[in-house]
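Visitor: One structure, pasted below without further comment.
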Amino acid sequence: GIHGTLLGAHTPRSVLSRKNSEFYEDDSIEPRFRSKLTDYRGSGFDRGHMAPASNHKASQQAMDETFCLSNMSPQVRAAGTPEVGKQLA
């Protein structure tokens, strides 16, 4: 997709990684209704994948497409993450 990386569709699975993916807004949804990257900044919530990236390893593009914000749901940070640790200290 246009939001994907330069890795091709036939990239070996050993190279596929969510580290190569970036979150992006869903341009097919009218701006006033779509989730925005700024909605999550400072909110205390993580972006939880409804369709997990790890289930889409057929290609880097397939994995990248799971990073669309329309595939996200606000998720409470898990205990033990650095952000939660700071809040509990």
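Every chain in the structure tokens takes a letter, A first, then B, and so on in the order presented; its residues are numbered from 1, and the ligands are numbered from 1 following the presented order.
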Near Glu25 of chain A, counting only C-alpha atoms, which residues have an atom at most 12 Å away, once you skip same-chain residues fewer than 4 positions from it, shown as an mmCIF file with all heavy atoms, in the first residue's frame?
Guide:
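In the end it all went to part.cif:
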```cif
data_model
loop_
_atom_site.group_PDB
_atom_site.id
_atom_site.type_symbol
_atom_site.label_atom_id
_atom_site.label_comp_id
_atom_site.auth_asym_id
_atom_site.auth_seq_id
_atom_site.Cartn_x
_atom_site.Cartn_y
_atom_site.Cartn_z
ATOM 1 N N ILE A 2 0.232 2.373 -0.114
ATOM 2 C CA ILE A 2 0.981 3.627 -0.122
ATOM 3 C C ILE A 2 1.609 3.908 1.223
ATOM 4 O O ILE A 2 2.548 4.671 1.325
ATOM 5 C CB ILE A 2 0.099 4.815 -0.555
ATOM 6 C CG1 ILE A 2 -1.076 5.004 0.405
ATOM 7 C CG2 ILE A 2 -0.385 4.657 -1.968
ATOM 8 C CD1 ILE A 2 -1.850 6.275 0.200
ATOM 9 N N HIS A 3 1.104 3.253 2.268
ATOM 10 C CA HIS A 3 1.639 3.478 3.602
ATOM 11 C C HIS A 3 2.660 2.411 3.972
ATOM 12 O O HIS A 3 3.202 2.445 5.055
ATOM 13 C CB HIS A 3 0.503 3.476 4.623
ATOM 14 C CG HIS A 3 -0.492 4.552 4.354
ATOM 15 N ND1 HIS A 3 -0.259 5.857 4.651
ATOM 16 C CD2 HIS A 3 -1.713 4.511 3.776
ATOM 17 C CE1 HIS A 3 -1.304 6.581 4.290
ATOM 18 N NE2 HIS A 3 -2.195 5.786 3.748
ATOM 19 N N ILE A 29 -12.187 7.232 5.264
ATOM 20 C CA ILE A 29 -13.198 7.680 6.217
ATOM 21 C C ILE A 29 -13.166 9.203 6.288
ATOM 22 O O ILE A 29 -12.093 9.807 6.379
ATOM 23 C CB ILE A 29 -12.943 7.074 7.615
ATOM 24 C CG1 ILE A 29 -13.025 5.545 7.539
ATOM 25 C CG2 ILE A 29 -13.916 7.628 8.645
ATOM 26 C CD1 ILE A 29 -12.642 4.830 8.814
ATOM 27 N N GLU A 30 -14.329 9.831 6.269
ATOM 28 C CA GLU A 30 -14.422 11.286 6.330
ATOM 29 C C GLU A 30 -13.643 11.801 7.546
ATOM 30 O O GLU A 30 -13.750 11.224 8.641
ATOM 31 C CB GLU A 30 -15.896 11.702 6.424
ATOM 32 C CG GLU A 30 -16.089 13.192 6.355
ATOM 33 C CD GLU A 30 -17.560 13.586 6.351
ATOM 34 O OE1 GLU A 30 -18.405 12.781 5.928
ATOM 35 O OE2 GLU A 30 -17.833 14.713 6.768
ATOM 36 N N PRO A 31 -12.840 12.844 7.376
ATOM 37 C CA PRO A 31 -11.961 13.319 8.452
ATOM 38 C C PRO A 31 -12.632 13.527 9.811
ATOM 39 O O PRO A 31 -12.052 13.193 10.838
ATOM 40 C CB PRO A 31 -11.405 14.634 7.912
ATOM 41 C CG PRO A 31 -11.417 14.446 6.431
ATOM 42 C CD PRO A 31 -12.650 13.621 6.153
ATOM 43 N N ARG A 32 -13.847 14.021 9.842
ATOM 44 C CA ARG A 32 -14.465 14.283 11.146
ATOM 45 C C ARG A 32 -14.857 13.005 11.884
ATOM 46 O O ARG A 32 -15.144 13.038 13.078
ATOM 47 C CB ARG A 32 -15.667 15.214 11.004
ATOM 48 C CG ARG A 32 -16.797 14.646 10.193
ATOM 49 C CD ARG A 32 -17.888 15.681 9.994
ATOM 50 N NE ARG A 32 -18.890 15.166 9.086
ATOM 51 C CZ ARG A 32 -20.171 15.443 9.183
ATOM 52 N NH1 ARG A 32 -20.598 16.262 10.121
ATOM 53 N NH2 ARG A 32 -21.013 14.939 8.316
ATOM 54 N N PHE A 33 -14.863 11.867 11.181
ATOM 55 C CA PHE A 33 -15.230 10.601 11.812
ATOM 56 C C PHE A 33 -14.043 9.659 12.026
ATOM 57 O O PHE A 33 -14.160 8.693 12.762
ATOM 58 C CB PHE A 33 -16.287 9.867 10.981
ATOM 59 C CG PHE A 33 -17.580 10.613 10.872
ATOM 60 C CD1 PHE A 33 -18.060 10.994 9.628
ATOM 61 C CD2 PHE A 33 -18.310 10.949 11.990
ATOM 62 C CE1 PHE A 33 -19.262 11.684 9.510
ATOM 63 C CE2 PHE A 33 -19.503 11.644 11.891
ATOM 64 C CZ PHE A 33 -19.984 12.016 10.651
ATOM 65 N N ARG A 34 -12.932 9.900 11.376
ATOM 66 C CA ARG A 34 -11.820 8.952 11.440
ATOM 67 C C ARG A 34 -10.958 9.160 12.682
ATOM 68 O O ARG A 34 -10.875 10.255 13.226
ATOM 69 C CB ARG A 34 -10.966 9.030 10.184
ATOM 70 C CG ARG A 34 -9.984 10.169 10.158
ATOM 71 C CD ARG A 34 -9.030 10.129 8.973
ATOM 72 N NE ARG A 34 -9.685 10.409 7.727
ATOM 73 C CZ ARG A 34 -9.192 11.196 6.781
ATOM 74 N NH1 ARG A 34 -8.016 11.758 6.928
ATOM 75 N NH2 ARG A 34 -9.855 11.409 5.678
ATOM 76 N N SER A 35 -10.334 8.090 13.109
ATOM 77 C CA SER A 35 -9.341 8.182 14.185
ATOM 78 C C SER A 35 -8.113 8.874 13.639
ATOM 79 O O SER A 35 -7.746 8.693 12.473
ATOM 80 C CB SER A 35 -8.954 6.781 14.667
ATOM 81 O OG SER A 35 -10.041 6.150 15.288
ATOM 82 N N LYS A 36 -7.475 9.642 14.489
ATOM 83 C CA LYS A 36 -6.272 10.373 14.098
ATOM 84 C C LYS A 36 -5.115 9.939 14.983
ATOM 85 O O LYS A 36 -5.320 9.489 16.112
ATOM 86 C CB LYS A 36 -6.515 11.874 14.222
ATOM 87 C CG LYS A 36 -7.617 12.357 13.282
ATOM 88 C CD LYS A 36 -7.916 13.830 13.465
ATOM 89 C CE LYS A 36 -8.990 14.321 12.529
ATOM 90 N NZ LYS A 36 -10.135 13.472 12.315
ATOM 91 N N LEU A 37 -3.920 10.067 14.468
ATOM 92 C CA LEU A 37 -2.735 9.707 15.241
ATOM 93 C C LEU A 37 -2.699 10.476 16.557
ATOM 94 O O LEU A 37 -2.317 9.933 17.594
ATOM 95 C CB LEU A 37 -1.474 9.966 14.421
ATOM 96 C CG LEU A 37 -1.322 9.075 13.187
ATOM 97 C CD1 LEU A 37 -0.212 9.595 12.290
ATOM 98 C CD2 LEU A 37 -1.068 7.637 13.591
ATOM 99 N N THR A 38 -3.134 11.725 16.531
ATOM 100 C CA THR A 38 -3.105 12.556 17.743
ATOM 101 C C THR A 38 -4.127 12.103 18.784
ATOM 102 O O THR A 38 -3.992 12.473 19.953
ATOM 103 C CB THR A 38 -3.362 14.036 17.384
ATOM 104 O OG1 THR A 38 -4.604 14.137 16.676
ATOM 105 C CG2 THR A 38 -2.237 14.599 16.535
ATOM 106 N N ASP A 39 -5.122 11.317 18.398
ATOM 107 C CA ASP A 39 -6.109 10.826 19.370
ATOM 108 C C ASP A 39 -5.454 9.977 20.452
ATOM 109 O O ASP A 39 -5.953 9.909 21.579
ATOM 110 C CB ASP A 39 -7.196 9.992 18.683
ATOM 111 C CG ASP A 39 -8.104 10.807 17.789
ATOM 112 O OD1 ASP A 39 -8.156 12.041 17.950
ATOM 113 O OD2 ASP A 39 -8.762 10.204 16.921
ATOM 114 N N TYR A 40 -4.368 9.324 20.129
ATOM 115 C CA TYR A 40 -3.719 8.416 21.074
ATOM 116 C C TYR A 40 -2.594 9.088 21.869
ATOM 117 O O TYR A 40 -2.243 8.619 22.941
ATOM 118 C CB TYR A 40 -3.171 7.187 20.333
ATOM 119 C CG TYR A 40 -4.274 6.250 19.886
ATOM 120 C CD1 TYR A 40 -4.873 6.404 18.645
ATOM 121 C CD2 TYR A 40 -4.724 5.234 20.713
ATOM 122 C CE1 TYR A 40 -5.895 5.544 18.243
ATOM 123 C CE2 TYR A 40 -5.735 4.374 20.318
ATOM 124 C CZ TYR A 40 -6.323 4.535 19.078
ATOM 125 O OH TYR A 40 -7.331 3.702 18.682
ATOM 126 N N GLU A 65 -0.846 -3.050 6.313
ATOM 127 C CA GLU A 65 -2.245 -2.658 6.252
ATOM 128 C C GLU A 65 -2.963 -2.844 7.586
ATOM 129 O O GLU A 65 -3.984 -2.207 7.832
ATOM 130 C CB GLU A 65 -2.953 -3.393 5.126
ATOM 131 C CG GLU A 65 -2.491 -2.885 3.770
ATOM 132 C CD GLU A 65 -3.050 -3.659 2.590
ATOM 133 O OE1 GLU A 65 -3.791 -4.655 2.799
ATOM 134 O OE2 GLU A 65 -2.735 -3.276 1.457
ATOM 135 N N THR A 66 -2.435 -3.671 8.478
ATOM 136 C CA THR A 66 -3.049 -3.826 9.797
ATOM 137 C C THR A 66 -2.763 -2.621 10.690
ATOM 138 O O THR A 66 -3.351 -2.505 11.768
ATOM 139 C CB THR A 66 -2.571 -5.106 10.514
ATOM 140 O OG1 THR A 66 -1.198 -4.977 10.881
ATOM 141 C CG2 THR A 66 -2.799 -6.344 9.665
ATOM 142 N N PHE A 67 -1.889 -1.720 10.270
ATOM 143 C CA PHE A 67 -1.537 -0.541 11.062
ATOM 144 C C PHE A 67 -2.432 0.660 10.755
ATOM 145 O O PHE A 67 -2.206 1.751 11.269
ATOM 146 C CB PHE A 67 -0.056 -0.193 10.882
ATOM 147 C CG PHE A 67 0.836 -1.102 11.684
ATOM 148 C CD1 PHE A 67 1.096 -2.387 11.258
ATOM 149 C CD2 PHE A 67 1.382 -0.673 12.882
ATOM 150 C CE1 PHE A 67 1.889 -3.239 12.007
ATOM 151 C CE2 PHE A 67 2.177 -1.516 13.640
ATOM 152 C CZ PHE A 67 2.434 -2.807 13.203
ATOM 153 N N CYS A 68 -3.449 0.463 9.936
ATOM 154 C CA CYS A 68 -4.424 1.513 9.652
ATOM 155 C C CYS A 68 -5.226 1.766 10.929
ATOM 156 O O CYS A 68 -5.641 0.817 11.617
ATOM 157 C CB CYS A 68 -5.341 1.067 8.510
ATOM 158 S SG CYS A 68 -6.486 2.344 7.995
ATOM 159 N N LEU A 69 -5.441 3.018 11.273
ATOM 160 C CA LEU A 69 -6.141 3.322 12.525
ATOM 161 C C LEU A 69 -7.570 2.800 12.565
ATOM 162 O O LEU A 69 -8.136 2.624 13.645
ATOM 163 C CB LEU A 69 -6.111 4.826 12.803
ATOM 164 C CG LEU A 69 -4.736 5.385 13.185
ATOM 165 C CD1 LEU A 69 -4.837 6.872 13.494
ATOM 166 C CD2 LEU A 69 -4.125 4.639 14.359
ATOM 167 N N SER A 70 -8.173 2.505 11.415
ATOM 168 C CA SER A 70 -9.514 1.908 11.431
ATOM 169 C C SER A 70 -9.468 0.452 11.899
ATOM 170 O O SER A 70 -10.510 -0.149 12.164
ATOM 171 C CB SER A 70 -10.189 2.022 10.062
ATOM 172 O OG SER A 70 -9.423 1.369 9.075
ATOM 173 N N ASN A 71 -8.275 -0.107 12.041
ATOM 174 C CA ASN A 71 -8.087 -1.450 12.583
ATOM 175 C C ASN A 71 -7.679 -1.400 14.053
ATOM 176 O O ASN A 71 -7.320 -2.408 14.631
ATOM 177 C CB ASN A 71 -7.023 -2.207 11.767
ATOM 178 C CG ASN A 71 -6.825 -3.626 12.248
ATOM 179 O OD1 ASN A 71 -7.782 -4.343 12.507
ATOM 180 N ND2 ASN A 71 -5.568 -4.031 12.398
ATOM 181 N N MET A 72 -7.738 -0.233 14.664
ATOM 182 C CA MET A 72 -7.297 -0.073 16.045
ATOM 183 C C MET A 72 -8.470 0.128 16.983
ATOM 184 O O MET A 72 -9.504 0.674 16.611
ATOM 185 C CB MET A 72 -6.380 1.147 16.196
ATOM 186 C CG MET A 72 -5.112 1.101 15.391
ATOM 187 S SD MET A 72 -4.061 -0.259 15.863
ATOM 188 C CE MET A 72 -3.634 -0.862 14.233
#
```
Visitor: Rounded to one decimal place, report the atom CA of Phe45 of chain A-atom CA of Val76 of chain A distance in Å.
Guide: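 Rounded to one decimal, the two atoms are 5.2 Å apart.
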Visitor: Extract the full set of helix (DSSP H, G or I) residues from segment 5-84 of chain A according to DSSP on the backbone, and format it as a list in words.
Guide: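 Secondary structure check on segment 5-84 of chain A, helix (DSSP H, G or I): Arg18, Lys19, Asn20, Leu37, Thr38, Asp39, Tyr40, Ala53, Ser54, Asn55, Gln60, Gln61, Ala62, Met63, Asp64, Glu65, Leu69, Ser70, Asn71, Pro82, Glu83 and Val84 of chain A.
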Visitor: Neighbours of Arg47 of chain A within 6 Å (only C-alpha atoms; same-chain residues fewer than 5 positions away dropped), as number ranges by chain?
Guide: A: 72-75
Visitor: What is the distance, in Å and to one decimal place, between atom CA of Ser43 of chain A and atom CA of Asp26 of chain A?
Guide: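 These two atoms are separated by 19.7 Å.
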Visitor: From the set A:Gly42, A:Ala62, A:Met50, A:Arg77, which residue has the shortest atom-to-atom contact distance to Leu16 of chain A, counting only C-alpha atoms?
Guide: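 Smallest distance to Leu16 of chain A is found for A:Ala62.
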Visitor: For a test of reading the model, state the distance in Å between atom CA of Asn20 of chain A and atom CA of Met63 of chain A, rounded to one decimal.
Guide: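 Pair atom CA of Asn20 of chain A / atom CA of Met63 of chain A returns 9.1 Å.
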